[in-house]
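Enquirer: Take a look at final-v5.cif, mmCIF, N, CA and C atoms:
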data_model
#
loop_
_atom_site.label_atom_id
_atom_site.label_comp_id
_atom_site.auth_asym_id
_atom_site.auth_seq_id
_atom_site.Cartn_x
_atom_site.Cartn_y
_atom_site.Cartn_z
N MET A 22 13.86 -2.31 5.77
CA MET A 22 12.79 -1.41 5.44
C MET A 22 11.62 -1.66 6.40
N ARG A 23 10.98 -0.59 6.80
CA ARG A 23 9.85 -0.65 7.73
C ARG A 23 8.55 -0.57 6.95
N ILE A 24 7.65 -1.51 7.19
CA ILE A 24 6.38 -1.59 6.47
C ILE A 24 5.23 -1.49 7.45
N ALA A 25 4.30 -0.58 7.19
CA ALA A 25 3.04 -0.51 7.92
C ALA A 25 2.03 -1.31 7.12
N ILE A 26 1.39 -2.27 7.75
CA ILE A 26 0.39 -3.08 7.06
C ILE A 26 -0.90 -3.09 7.87
N GLY A 27 -2.01 -2.91 7.16
CA GLY A 27 -3.29 -2.88 7.82
C GLY A 27 -4.34 -3.66 7.06
N TRP A 28 -5.29 -4.20 7.79
CA TRP A 28 -6.41 -4.95 7.23
C TRP A 28 -7.61 -4.72 8.12
N ASP A 29 -8.80 -4.85 7.54
CA ASP A 29 -10.01 -4.66 8.34
C ASP A 29 -10.58 -5.99 8.83
N GLU A 30 -10.13 -7.09 8.23
CA GLU A 30 -10.55 -8.43 8.64
C GLU A 30 -9.37 -9.36 8.41
N HIS A 31 -9.07 -10.19 9.39
CA HIS A 31 -7.89 -11.05 9.30
C HIS A 31 -8.25 -12.34 8.56
N LEU A 32 -7.96 -12.36 7.27
CA LEU A 32 -8.20 -13.52 6.42
C LEU A 32 -6.86 -14.18 6.09
N PRO A 33 -6.87 -15.38 5.52
CA PRO A 33 -5.61 -16.09 5.23
C PRO A 33 -4.62 -15.29 4.38
N ILE A 34 -5.10 -14.44 3.48
CA ILE A 34 -4.18 -13.64 2.65
C ILE A 34 -3.32 -12.73 3.52
N VAL A 35 -3.84 -12.26 4.63
CA VAL A 35 -3.06 -11.43 5.55
C VAL A 35 -1.88 -12.23 6.10
N ASP A 36 -2.14 -13.46 6.50
CA ASP A 36 -1.06 -14.29 7.03
C ASP A 36 0.01 -14.55 5.97
N ARG A 37 -0.41 -14.76 4.72
CA ARG A 37 0.58 -15.01 3.66
C ARG A 37 1.46 -13.78 3.44
N ILE A 38 0.85 -12.60 3.46
CA ILE A 38 1.62 -11.37 3.26
C ILE A 38 2.55 -11.12 4.45
N LEU A 39 2.07 -11.34 5.66
CA LEU A 39 2.92 -11.19 6.83
C LEU A 39 4.10 -12.17 6.77
N SER A 40 3.84 -13.37 6.31
CA SER A 40 4.90 -14.36 6.16
C SER A 40 5.93 -13.90 5.12
N TYR A 41 5.44 -13.39 4.00
CA TYR A 41 6.32 -12.87 2.95
C TYR A 41 7.23 -11.78 3.52
N LEU A 42 6.64 -10.85 4.24
CA LEU A 42 7.41 -9.74 4.79
C LEU A 42 8.47 -10.24 5.77
N ALA A 43 8.11 -11.21 6.59
CA ALA A 43 9.07 -11.79 7.54
C ALA A 43 10.19 -12.52 6.80
N GLU A 44 9.83 -13.29 5.78
CA GLU A 44 10.82 -14.03 4.99
C GLU A 44 11.83 -13.10 4.33
N HIS A 45 11.40 -11.89 3.99
CA HIS A 45 12.27 -10.95 3.30
C HIS A 45 12.92 -9.94 4.25
N GLY A 46 12.74 -10.12 5.54
CA GLY A 46 13.44 -9.31 6.52
C GLY A 46 12.89 -7.92 6.76
N TYR A 47 11.65 -7.68 6.39
CA TYR A 47 11.06 -6.36 6.62
C TYR A 47 10.64 -6.23 8.08
N GLU A 48 10.79 -5.02 8.60
CA GLU A 48 10.29 -4.69 9.93
C GLU A 48 8.83 -4.28 9.75
N VAL A 49 7.93 -4.93 10.48
CA VAL A 49 6.50 -4.77 10.23
C VAL A 49 5.80 -4.14 11.42
N GLN A 50 4.97 -3.15 11.10
CA GLN A 50 4.09 -2.52 12.08
C GLN A 50 2.66 -2.83 11.62
N THR A 51 1.87 -3.49 12.46
CA THR A 51 0.54 -3.92 12.03
C THR A 51 -0.57 -3.01 12.55
N PHE A 52 -1.59 -2.89 11.70
CA PHE A 52 -2.80 -2.12 12.01
C PHE A 52 -3.98 -2.96 11.55
N GLY A 53 -4.41 -3.88 12.39
CA GLY A 53 -5.52 -4.73 12.00
C GLY A 53 -5.94 -5.63 13.14
N PRO A 54 -7.15 -6.11 13.05
CA PRO A 54 -7.69 -6.93 14.14
C PRO A 54 -7.16 -8.37 14.09
N PRO A 55 -7.25 -9.05 15.21
CA PRO A 55 -6.94 -10.48 15.20
C PRO A 55 -8.03 -11.25 14.46
N ALA A 56 -7.75 -12.50 14.14
CA ALA A 56 -8.74 -13.34 13.47
C ALA A 56 -10.04 -13.35 14.27
N GLY A 57 -11.14 -13.30 13.58
CA GLY A 57 -12.45 -13.34 14.23
C GLY A 57 -13.03 -11.97 14.55
N GLU A 58 -12.24 -10.94 14.38
CA GLU A 58 -12.73 -9.58 14.62
C GLU A 58 -12.65 -8.78 13.34
N ALA A 59 -13.43 -7.72 13.27
CA ALA A 59 -13.37 -6.80 12.13
C ALA A 59 -13.28 -5.38 12.66
N TRP A 60 -12.47 -4.59 11.97
CA TRP A 60 -12.34 -3.17 12.30
C TRP A 60 -12.78 -2.36 11.09
N GLN A 61 -13.03 -1.08 11.28
CA GLN A 61 -13.41 -0.21 10.17
C GLN A 61 -12.23 -0.05 9.22
N TRP A 62 -12.48 -0.27 7.93
CA TRP A 62 -11.40 -0.12 6.94
C TRP A 62 -10.88 1.30 6.90
N SER A 63 -11.75 2.27 7.13
CA SER A 63 -11.31 3.67 7.07
C SER A 63 -10.31 3.99 8.18
N THR A 64 -10.55 3.46 9.36
CA THR A 64 -9.65 3.70 10.50
C THR A 64 -8.31 3.00 10.30
N VAL A 65 -8.37 1.75 9.85
CA VAL A 65 -7.15 1.00 9.59
C VAL A 65 -6.31 1.72 8.53
N ALA A 66 -6.96 2.16 7.45
CA ALA A 66 -6.26 2.86 6.37
C ALA A 66 -5.65 4.17 6.88
N ARG A 67 -6.41 4.93 7.64
CA ARG A 67 -5.90 6.19 8.18
C ARG A 67 -4.67 5.95 9.04
N ASP A 68 -4.74 4.98 9.92
CA ASP A 68 -3.65 4.75 10.87
C ASP A 68 -2.38 4.26 10.16
N ALA A 69 -2.51 3.31 9.25
CA ALA A 69 -1.33 2.81 8.54
C ALA A 69 -0.75 3.89 7.63
N ALA A 70 -1.61 4.62 6.91
CA ALA A 70 -1.14 5.68 6.01
C ALA A 70 -0.46 6.79 6.80
N THR A 71 -0.98 7.11 7.96
CA THR A 71 -0.37 8.14 8.80
C THR A 71 1.02 7.70 9.25
N ALA A 72 1.18 6.42 9.56
CA ALA A 72 2.51 5.92 9.94
C ALA A 72 3.50 6.11 8.80
N VAL A 73 3.07 5.89 7.57
CA VAL A 73 3.96 6.10 6.42
C VAL A 73 4.23 7.59 6.23
N ALA A 74 3.20 8.40 6.28
CA ALA A 74 3.35 9.84 6.06
C ALA A 74 4.25 10.49 7.12
N ARG A 75 4.17 10.01 8.36
CA ARG A 75 5.00 10.56 9.44
C ARG A 75 6.43 10.08 9.38
N GLY A 76 6.67 9.02 8.60
CA GLY A 76 8.01 8.46 8.54
C GLY A 76 8.26 7.35 9.54
N ASP A 77 7.21 6.92 10.24
CA ASP A 77 7.34 5.79 11.16
C ASP A 77 7.52 4.48 10.38
N ALA A 78 7.07 4.48 9.14
CA ALA A 78 7.24 3.35 8.22
C ALA A 78 7.69 3.92 6.88
N ASP A 79 8.44 3.13 6.14
CA ASP A 79 8.92 3.57 4.83
C ASP A 79 7.85 3.43 3.75
N GLU A 80 7.06 2.39 3.86
CA GLU A 80 5.99 2.11 2.90
C GLU A 80 4.87 1.41 3.62
N GLY A 81 3.75 1.21 2.91
CA GLY A 81 2.62 0.54 3.53
C GLY A 81 1.90 -0.40 2.60
N ILE A 82 1.13 -1.28 3.22
CA ILE A 82 0.26 -2.21 2.51
C ILE A 82 -1.08 -2.20 3.25
N LEU A 83 -2.15 -2.10 2.48
CA LEU A 83 -3.49 -2.12 3.07
C LEU A 83 -4.37 -3.12 2.34
N LEU A 84 -5.24 -3.78 3.08
CA LEU A 84 -6.17 -4.74 2.50
C LEU A 84 -7.57 -4.52 3.04
N CYS A 85 -8.54 -4.60 2.17
CA CYS A 85 -9.94 -4.71 2.54
C CYS A 85 -10.60 -5.57 1.47
N TRP A 86 -11.89 -5.81 1.58
CA TRP A 86 -12.54 -6.77 0.68
C TRP A 86 -12.27 -6.46 -0.79
N THR A 87 -12.48 -5.21 -1.22
CA THR A 87 -12.20 -4.85 -2.62
C THR A 87 -10.89 -4.11 -2.78
N GLY A 88 -10.37 -3.55 -1.72
CA GLY A 88 -9.18 -2.71 -1.79
C GLY A 88 -9.50 -1.26 -2.08
N THR A 89 -10.70 -1.01 -2.54
CA THR A 89 -11.10 0.35 -2.92
C THR A 89 -11.21 1.28 -1.72
N GLY A 90 -11.88 0.84 -0.68
CA GLY A 90 -12.08 1.69 0.49
C GLY A 90 -10.78 2.14 1.13
N VAL A 91 -9.87 1.18 1.34
CA VAL A 91 -8.60 1.55 1.96
C VAL A 91 -7.78 2.46 1.06
N SER A 92 -7.91 2.27 -0.25
CA SER A 92 -7.20 3.13 -1.20
C SER A 92 -7.71 4.57 -1.12
N ILE A 93 -9.01 4.71 -1.11
CA ILE A 93 -9.61 6.05 -1.02
C ILE A 93 -9.20 6.72 0.30
N ALA A 94 -9.34 6.00 1.40
CA ALA A 94 -9.02 6.59 2.71
C ALA A 94 -7.55 6.95 2.82
N ALA A 95 -6.67 6.05 2.38
CA ALA A 95 -5.23 6.30 2.49
C ALA A 95 -4.83 7.52 1.68
N ASN A 96 -5.41 7.70 0.51
CA ASN A 96 -5.05 8.83 -0.33
C ASN A 96 -5.53 10.17 0.21
N LYS A 97 -6.31 10.16 1.26
CA LYS A 97 -6.71 11.40 1.92
C LYS A 97 -5.61 11.89 2.88
N VAL A 98 -4.65 11.04 3.19
CA VAL A 98 -3.56 11.41 4.09
C VAL A 98 -2.47 12.09 3.27
N ARG A 99 -2.13 13.31 3.65
CA ARG A 99 -1.12 14.08 2.93
C ARG A 99 0.20 13.31 2.83
N GLY A 100 0.73 13.25 1.62
CA GLY A 100 1.99 12.58 1.39
C GLY A 100 1.86 11.13 0.96
N ILE A 101 0.64 10.63 0.94
CA ILE A 101 0.42 9.23 0.55
C ILE A 101 0.03 9.16 -0.92
N ARG A 102 0.65 8.20 -1.60
CA ARG A 102 0.31 7.88 -2.99
C ARG A 102 -0.03 6.40 -3.00
N ALA A 103 -1.28 6.09 -2.64
CA ALA A 103 -1.74 4.71 -2.55
C ALA A 103 -2.21 4.23 -3.91
N ALA A 104 -1.86 2.98 -4.22
CA ALA A 104 -2.24 2.39 -5.50
C ALA A 104 -2.94 1.06 -5.25
N LEU A 105 -4.13 0.92 -5.80
CA LEU A 105 -4.87 -0.34 -5.75
C LEU A 105 -4.37 -1.19 -6.90
N CYS A 106 -3.74 -2.31 -6.60
CA CYS A 106 -3.10 -3.15 -7.62
C CYS A 106 -3.71 -4.54 -7.63
N ALA A 107 -4.14 -4.96 -8.80
CA ALA A 107 -4.72 -6.29 -8.96
C ALA A 107 -3.77 -7.26 -9.64
N ASP A 108 -2.62 -6.75 -10.07
CA ASP A 108 -1.64 -7.62 -10.73
C ASP A 108 -0.25 -7.01 -10.59
N ALA A 109 0.75 -7.82 -10.94
CA ALA A 109 2.14 -7.40 -10.77
C ALA A 109 2.49 -6.22 -11.67
N GLU A 110 1.98 -6.20 -12.87
CA GLU A 110 2.33 -5.12 -13.79
C GLU A 110 1.80 -3.77 -13.30
N THR A 111 0.61 -3.77 -12.73
CA THR A 111 0.07 -2.52 -12.16
C THR A 111 0.93 -2.07 -10.98
N ALA A 112 1.34 -3.01 -10.14
CA ALA A 112 2.22 -2.67 -9.01
C ALA A 112 3.54 -2.11 -9.51
N ARG A 113 4.10 -2.73 -10.53
CA ARG A 113 5.37 -2.25 -11.10
C ARG A 113 5.21 -0.82 -11.63
N GLY A 114 4.15 -0.57 -12.37
CA GLY A 114 3.91 0.76 -12.91
C GLY A 114 3.65 1.80 -11.83
N ALA A 115 2.93 1.40 -10.79
CA ALA A 115 2.65 2.33 -9.69
C ALA A 115 3.93 2.82 -9.04
N ARG A 116 4.90 1.94 -8.94
CA ARG A 116 6.18 2.31 -8.36
C ARG A 116 7.04 3.10 -9.35
N LYS A 117 7.14 2.59 -10.56
CA LYS A 117 8.05 3.15 -11.57
C LYS A 117 7.63 4.55 -12.02
N TRP A 118 6.35 4.75 -12.25
CA TRP A 118 5.89 6.03 -12.81
C TRP A 118 5.20 6.95 -11.82
N ASN A 119 4.59 6.37 -10.77
CA ASN A 119 3.80 7.16 -9.83
C ASN A 119 4.45 7.32 -8.47
N ASN A 120 5.59 6.66 -8.25
CA ASN A 120 6.28 6.71 -6.97
C ASN A 120 5.33 6.39 -5.81
N ALA A 121 4.46 5.40 -6.03
CA ALA A 121 3.50 5.00 -5.01
C ALA A 121 4.23 4.51 -3.76
N ASN A 122 3.67 4.85 -2.60
CA ASN A 122 4.31 4.44 -1.35
C ASN A 122 3.40 3.59 -0.46
N LEU A 123 2.22 3.25 -0.98
CA LEU A 123 1.31 2.41 -0.22
C LEU A 123 0.54 1.52 -1.20
N LEU A 124 0.68 0.23 -1.03
CA LEU A 124 0.05 -0.78 -1.88
C LEU A 124 -1.28 -1.18 -1.27
N CYS A 125 -2.35 -1.14 -2.08
CA CYS A 125 -3.66 -1.58 -1.63
C CYS A 125 -4.05 -2.83 -2.41
N LEU A 126 -4.61 -3.78 -1.69
CA LEU A 126 -4.99 -5.06 -2.29
C LEU A 126 -6.41 -5.45 -1.90
N SER A 127 -7.05 -6.17 -2.81
CA SER A 127 -8.37 -6.73 -2.56
C SER A 127 -8.23 -8.11 -1.94
N MET A 128 -8.84 -8.32 -0.79
CA MET A 128 -8.81 -9.65 -0.19
C MET A 128 -9.69 -10.62 -0.97
N ARG A 129 -10.66 -10.09 -1.70
CA ARG A 129 -11.56 -10.93 -2.48
C ARG A 129 -10.89 -11.48 -3.73
N LEU A 130 -10.05 -10.67 -4.37
CA LEU A 130 -9.47 -11.04 -5.66
C LEU A 130 -8.03 -11.55 -5.61
N THR A 131 -7.31 -11.25 -4.54
CA THR A 131 -5.89 -11.55 -4.50
C THR A 131 -5.63 -12.93 -3.89
N SER A 132 -5.24 -13.88 -4.74
CA SER A 132 -4.85 -15.20 -4.25
C SER A 132 -3.47 -15.10 -3.62
N GLU A 133 -3.07 -16.11 -2.88
CA GLU A 133 -1.75 -16.09 -2.26
C GLU A 133 -0.62 -16.06 -3.30
N PRO A 134 -0.67 -16.88 -4.37
CA PRO A 134 0.39 -16.78 -5.38
C PRO A 134 0.41 -15.41 -6.07
N LEU A 135 -0.76 -14.85 -6.32
CA LEU A 135 -0.81 -13.53 -6.95
C LEU A 135 -0.25 -12.47 -6.01
N ALA A 136 -0.54 -12.58 -4.72
CA ALA A 136 0.00 -11.63 -3.76
C ALA A 136 1.53 -11.63 -3.79
N VAL A 137 2.13 -12.80 -3.88
CA VAL A 137 3.59 -12.90 -3.94
C VAL A 137 4.11 -12.22 -5.21
N GLU A 138 3.45 -12.45 -6.34
CA GLU A 138 3.86 -11.78 -7.59
C GLU A 138 3.77 -10.27 -7.46
N ILE A 139 2.69 -9.79 -6.87
CA ILE A 139 2.50 -8.34 -6.71
C ILE A 139 3.56 -7.77 -5.77
N LEU A 140 3.80 -8.44 -4.65
CA LEU A 140 4.80 -7.97 -3.70
C LEU A 140 6.20 -7.98 -4.31
N ASP A 141 6.53 -9.02 -5.07
CA ASP A 141 7.83 -9.06 -5.74
C ASP A 141 7.99 -7.87 -6.68
N ALA A 142 6.94 -7.58 -7.44
CA ALA A 142 6.99 -6.45 -8.37
C ALA A 142 7.08 -5.13 -7.61
N TRP A 143 6.29 -4.98 -6.57
CA TRP A 143 6.27 -3.75 -5.76
C TRP A 143 7.65 -3.47 -5.16
N PHE A 144 8.18 -4.44 -4.45
CA PHE A 144 9.46 -4.24 -3.76
C PHE A 144 10.65 -4.30 -4.71
N GLY A 145 10.45 -4.86 -5.89
CA GLY A 145 11.54 -4.96 -6.86
C GLY A 145 11.61 -3.81 -7.84
N THR A 146 10.74 -2.82 -7.68
CA THR A 146 10.69 -1.69 -8.61
C THR A 146 10.80 -0.39 -7.84
N ALA A 147 11.61 0.52 -8.34
CA ALA A 147 11.77 1.84 -7.73
C ALA A 147 11.33 2.90 -8.73
N TYR A 148 10.97 4.04 -8.19
CA TYR A 148 10.62 5.18 -9.05
C TYR A 148 11.82 5.53 -9.92
N GLN A 149 11.56 5.81 -11.18
CA GLN A 149 12.61 6.21 -12.11
C GLN A 149 12.35 7.65 -12.53
N PRO A 150 13.02 8.60 -11.89
CA PRO A 150 12.78 10.00 -12.20
C PRO A 150 12.92 10.30 -13.69
N ASN A 151 11.99 11.13 -14.16
CA ASN A 151 12.01 11.59 -15.54
C ASN A 151 11.15 12.84 -15.60
N PRO A 152 11.40 13.72 -16.57
CA PRO A 152 10.70 15.01 -16.60
C PRO A 152 9.18 14.90 -16.60
N GLN A 153 8.62 13.98 -17.37
CA GLN A 153 7.16 13.88 -17.45
C GLN A 153 6.54 13.44 -16.13
N ASP A 154 7.05 12.37 -15.54
CA ASP A 154 6.48 11.88 -14.29
C ASP A 154 6.81 12.80 -13.12
N ASP A 155 7.99 13.42 -13.13
CA ASP A 155 8.33 14.38 -12.09
C ASP A 155 7.34 15.54 -12.09
N ALA A 156 6.96 16.00 -13.28
CA ALA A 156 5.97 17.09 -13.39
C ALA A 156 4.62 16.64 -12.85
N CYS A 157 4.23 15.43 -13.16
CA CYS A 157 2.95 14.91 -12.66
C CYS A 157 2.97 14.82 -11.14
N LEU A 158 4.06 14.37 -10.58
CA LEU A 158 4.15 14.25 -9.13
C LEU A 158 4.16 15.61 -8.44
N ARG A 159 4.69 16.62 -9.12
CA ARG A 159 4.62 17.98 -8.55
C ARG A 159 3.17 18.44 -8.45
N VAL A 160 2.35 18.09 -9.43
CA VAL A 160 0.92 18.42 -9.37
C VAL A 160 0.27 17.72 -8.18
N ILE A 161 0.62 16.47 -7.96
CA ILE A 161 0.09 15.74 -6.80
C ILE A 161 0.50 16.42 -5.51
N GLU A 162 1.76 16.85 -5.43
CA GLU A 162 2.23 17.55 -4.24
C GLU A 162 1.47 18.85 -4.02
N GLU A 163 1.16 19.57 -5.11
CA GLU A 163 0.37 20.80 -5.01
C GLU A 163 -1.03 20.50 -4.51
N LEU A 164 -1.62 19.42 -5.01
CA LEU A 164 -2.95 19.02 -4.52
C LEU A 164 -2.89 18.69 -3.04
N ASP A 165 -1.86 17.98 -2.62
CA ASP A 165 -1.67 17.66 -1.21
C ASP A 165 -1.58 18.91 -0.35
N ALA A 166 -0.93 19.94 -0.89
CA ALA A 166 -0.74 21.18 -0.15
C ALA A 166 -1.96 22.09 -0.21
N GLY A 167 -3.00 21.65 -0.91
CA GLY A 167 -4.23 22.44 -0.99
C GLY A 167 -4.24 23.47 -2.08
N LYS A 168 -3.27 23.42 -2.99
CA LYS A 168 -3.23 24.34 -4.11
C LYS A 168 -3.96 23.70 -5.28
N GLU A 169 -4.75 24.51 -5.97
CA GLU A 169 -5.47 23.96 -7.13
C GLU A 169 -5.22 24.79 -8.35
#
Could you show the structure in this file as structure tokens?
Expert:
Amino acid sequence: MRIAIGWDEHLPIVDRILSYLAEHGYEVQTFGPPAGEAWQWSTVARDAATAVARGDADEGILLCWTGTGVSIAANKVRGIRAALCADAETARGARKWNNANLLCLSMRLTSEPLAVEILDAWFGTAYQPNPQDDACLRVIEELDAGKE
């Protein structure tokens, strides 16, 4: 699986997530500065989300200080269903019910052990089609297409 990952500041949590992805055999495309530099979270989010939306990556992960900014920016890209997850259960639900394709994390709140729990839940859960959630996702697709 191909993963687009982006961050606006290279903190230790980024290295732990990159290590996790390597350990699990994911092909990784990075969108983030080297240690000691900072980039705009909006640009990082746009670029990584666009890679997912275009099909250059199967899914994505984005990090910023709170996770909120990258979540907002990523969700502006057509075809992206970004979910800001602070725990494994939220990540599981985002996949199972919302068919989320981009995980957003807070660098401030996400410890390394918690990141592993969230990633395990994210990658270990798939969307489970059902009439109620399928209908909700059709509304999201209509919003993406500019229909209201």
Enquirer: Once the PyMOL selection byres (((chain A and resi 33-38 and name CA) around 10) and name CA) has been applied to the shown file, what residues remain in the selection, as a PyMOL selection string?
Expert: chain A and resi 26-28+30-32+39-44+53+56+82-84+126-129+131-134+136-137+140
Enquirer: Could you please determine the separation between atom CA of Glu163 of chain A and atom CA of Trp118 of chain A in Å, to one decimal place?
Expert: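 The value is 17.6 Å.
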Enquirer: Determine the nearest neighbour of Asp79 of chain A from the options A:Arg23, A:Val49, A:Val65, A:Gly100, counting only N, CA and C atoms.
Expert: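 Looking at the shortest contact to Asp79 of chain A, the residue is A:Arg23.
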Enquirer: Hey, what's within 8 Å of Leu124 of chain A if we count all atoms listed in the file and toss same-chain stuff fewer than 5 positions away? As a list of chain:residue names, please?
Expert: A:Glu80, A:Gly81, A:Ile82, A:Leu83, A:Leu84, A:Val91, A:Ser92, A:Arg102, A:Ala103, A:Ala104, A:Leu105, A:Cys106, A:Ala112, A:Trp143
Enquirer: Name the closest residue to Phe144 of chain A among the candidates A:Gly46, A:Ala94, A:Asp77, A:Arg113; distances are taken between atoms, counting only N, CA and C atoms.
Expert: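 That would be A:Arg113, the residue with the smallest distance to Phe144 of chain A.
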Enquirer: At a cut-off of 10 Å, can you tabulate as CSV every residue of segment 96-117 of chain A near segment 147-154 of chain A together with its closest atom pair and the distance in Å to one decimal, using only C-alpha atoms and ordering rows by chain then number?
Expert:
residue,atom,partner,partner_atom,distance
A:Arg113,CA,A:Ala147,CA,8.3
A:Gly114,CA,A:Tyr148,CA,8.9
A:Ala115,CA,A:Tyr148,CA,8.5
A:Arg116,CA,A:Tyr148,CA,5.3
A:Lys117,CA,A:Tyr148,CA,4.1
Enquirer: Would you please work out which residue, of A:Glu48, A:Glu162, A:Trp86, A:Thr71, is nearest to Asp29 of chain A when using all atoms listed in the file?
Expert: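 Residue with the minimum atom-to-atom distance to Asp29 of chain A: A:Trp86.
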Enquirer: For atom C of Ile93 of chain A and atom C of Leu158 of chain A, quote the distance in Å rounded to one decimal.
Expert: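 The value is 18.3 Å.
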Enquirer: Please, which residues of segment 26-159 of chain A, numbered as in this document, come out helix (DSSP H, G or I) from DSSP, as a ChimeraX atom specification?
Expert: /A:33-44,62-75,89-95,109-117,133-144,152-159
Enquirer: Calculate how many Å separate atom C of Asn120 of chain A from atom CA of Pro54 of chain A, rounding to one decimal.
Expert: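 The value is 27.3 Å.
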Enquirer: Box time for segment 148-167 of chain A: axis-aligned, enclosing all its listed atoms, 3 Å extra on each side; report centre and edge lengths in Å to one decimal, as lines of an AutoDock Vina configuration file.
Expert:
center_x = 4.4
center_y = 13.8
center_z = -8.8
size_x = 23.3
size_y = 25.4
size_z = 23.3
Enquirer: I need the residue nearest Ala72 of chain A from this list: A:Cys85, A:Tyr47, A:Ala25, A:Gly90. Use only N, CA and C atoms for the distance.
Expert: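 The shortest atom-to-atom distance to Ala72 of chain A comes from A:Ala25.
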Enquirer: Just checking: using all atoms listed in the file, which residue out of A:Ala59, A:Leu164, A:Met22, A:Ile101 ends up closest to His45 of chain A?
Expert: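 Checking each of A:Ala59, A:Leu164, A:Met22, A:Ile101 against His45 of chain A, counting all atoms listed in the file, the winner is A:Met22.
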Enquirer: Under the rule that only N, CA and C atoms are counted, which of A:Val160, A:Lys168, A:Lys97, A:Ala107 is the nearest residue to Leu135 of chain A?
Expert: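 Checking each candidate against Leu135 of chain A, we get A:Ala107 as the closest.
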Enquirer: What residues in segment 102-150 of chain A get the DSSP label strand (DSSP E)? Please answer as JSON, numbers by chain.
Expert: {"A": [103, 104, 105, 123, 124, 125, 126, 127]}
Enquirer: Could you add the missing atoms to segment 43-48 of chain A, up to all heavy atoms, and return them as a CSV table (one decimal), in the frame of the given file?
Expert:
chain,number,residue,atom,x,y,z
A,43,ALA,N,8.1,-11.2,6.6
A,43,ALA,CA,9.1,-11.8,7.5
A,43,ALA,C,10.2,-12.5,6.8
A,43,ALA,O,11.4,-12.4,7.1
A,43,ALA,CB,8.4,-12.7,8.5
A,44,GLU,N,9.8,-13.3,5.8
A,44,GLU,CA,10.8,-14.0,5.0
A,44,GLU,C,11.8,-13.1,4.3
A,44,GLU,O,13.0,-13.5,4.1
A,44,GLU,CB,10.1,-14.8,3.9
A,44,GLU,CG,9.3,-16.0,4.4
A,44,GLU,CD,8.4,-16.5,3.3
A,44,GLU,OE1,8.5,-16.2,2.1
A,44,GLU,OE2,7.5,-17.4,3.7
A,45,HIS,N,11.4,-11.9,4.0
A,45,HIS,CA,12.3,-11.0,3.3
A,45,HIS,C,12.9,-9.9,4.2
A,45,HIS,O,13.6,-9.0,3.8
A,45,HIS,CB,11.5,-10.2,2.2
A,45,HIS,CG,11.2,-11.1,1.0
A,45,HIS,ND1,10.1,-12.0,1.0
A,45,HIS,CD2,11.8,-11.3,-0.1
A,45,HIS,CE1,10.1,-12.7,-0.1
A,45,HIS,NE2,11.2,-12.3,-0.8
A,46,GLY,N,12.7,-10.1,5.5
A,46,GLY,CA,13.4,-9.3,6.5
A,46,GLY,C,12.9,-7.9,6.8
A,46,GLY,O,13.6,-7.1,7.3
A,47,TYR,N,11.6,-7.7,6.4
A,47,TYR,CA,11.1,-6.4,6.6
A,47,TYR,C,10.6,-6.2,8.1
A,47,TYR,O,10.2,-7.2,8.7
A,47,TYR,CB,9.8,-6.1,5.7
A,47,TYR,CG,10.2,-6.1,4.3
A,47,TYR,CD1,9.9,-7.1,3.4
A,47,TYR,CD2,10.8,-5.0,3.7
A,47,TYR,CE1,10.2,-7.1,2.1
A,47,TYR,CE2,11.2,-4.9,2.4
A,47,TYR,CZ,10.9,-5.9,1.6
A,47,TYR,OH,11.2,-5.9,0.2
A,48,GLU,N,10.8,-5.0,8.6
A,48,GLU,CA,10.3,-4.7,9.9
A,48,GLU,C,8.8,-4.3,9.8
A,48,GLU,O,8.5,-3.4,9.0
A,48,GLU,CB,11.1,-3.5,10.5
A,48,GLU,CG,10.7,-3.1,11.9
A,48,GLU,CD,11.5,-1.9,12.4
A,48,GLU,OE1,12.7,-1.8,12.0
A,48,GLU,OE2,10.9,-1.0,13.0
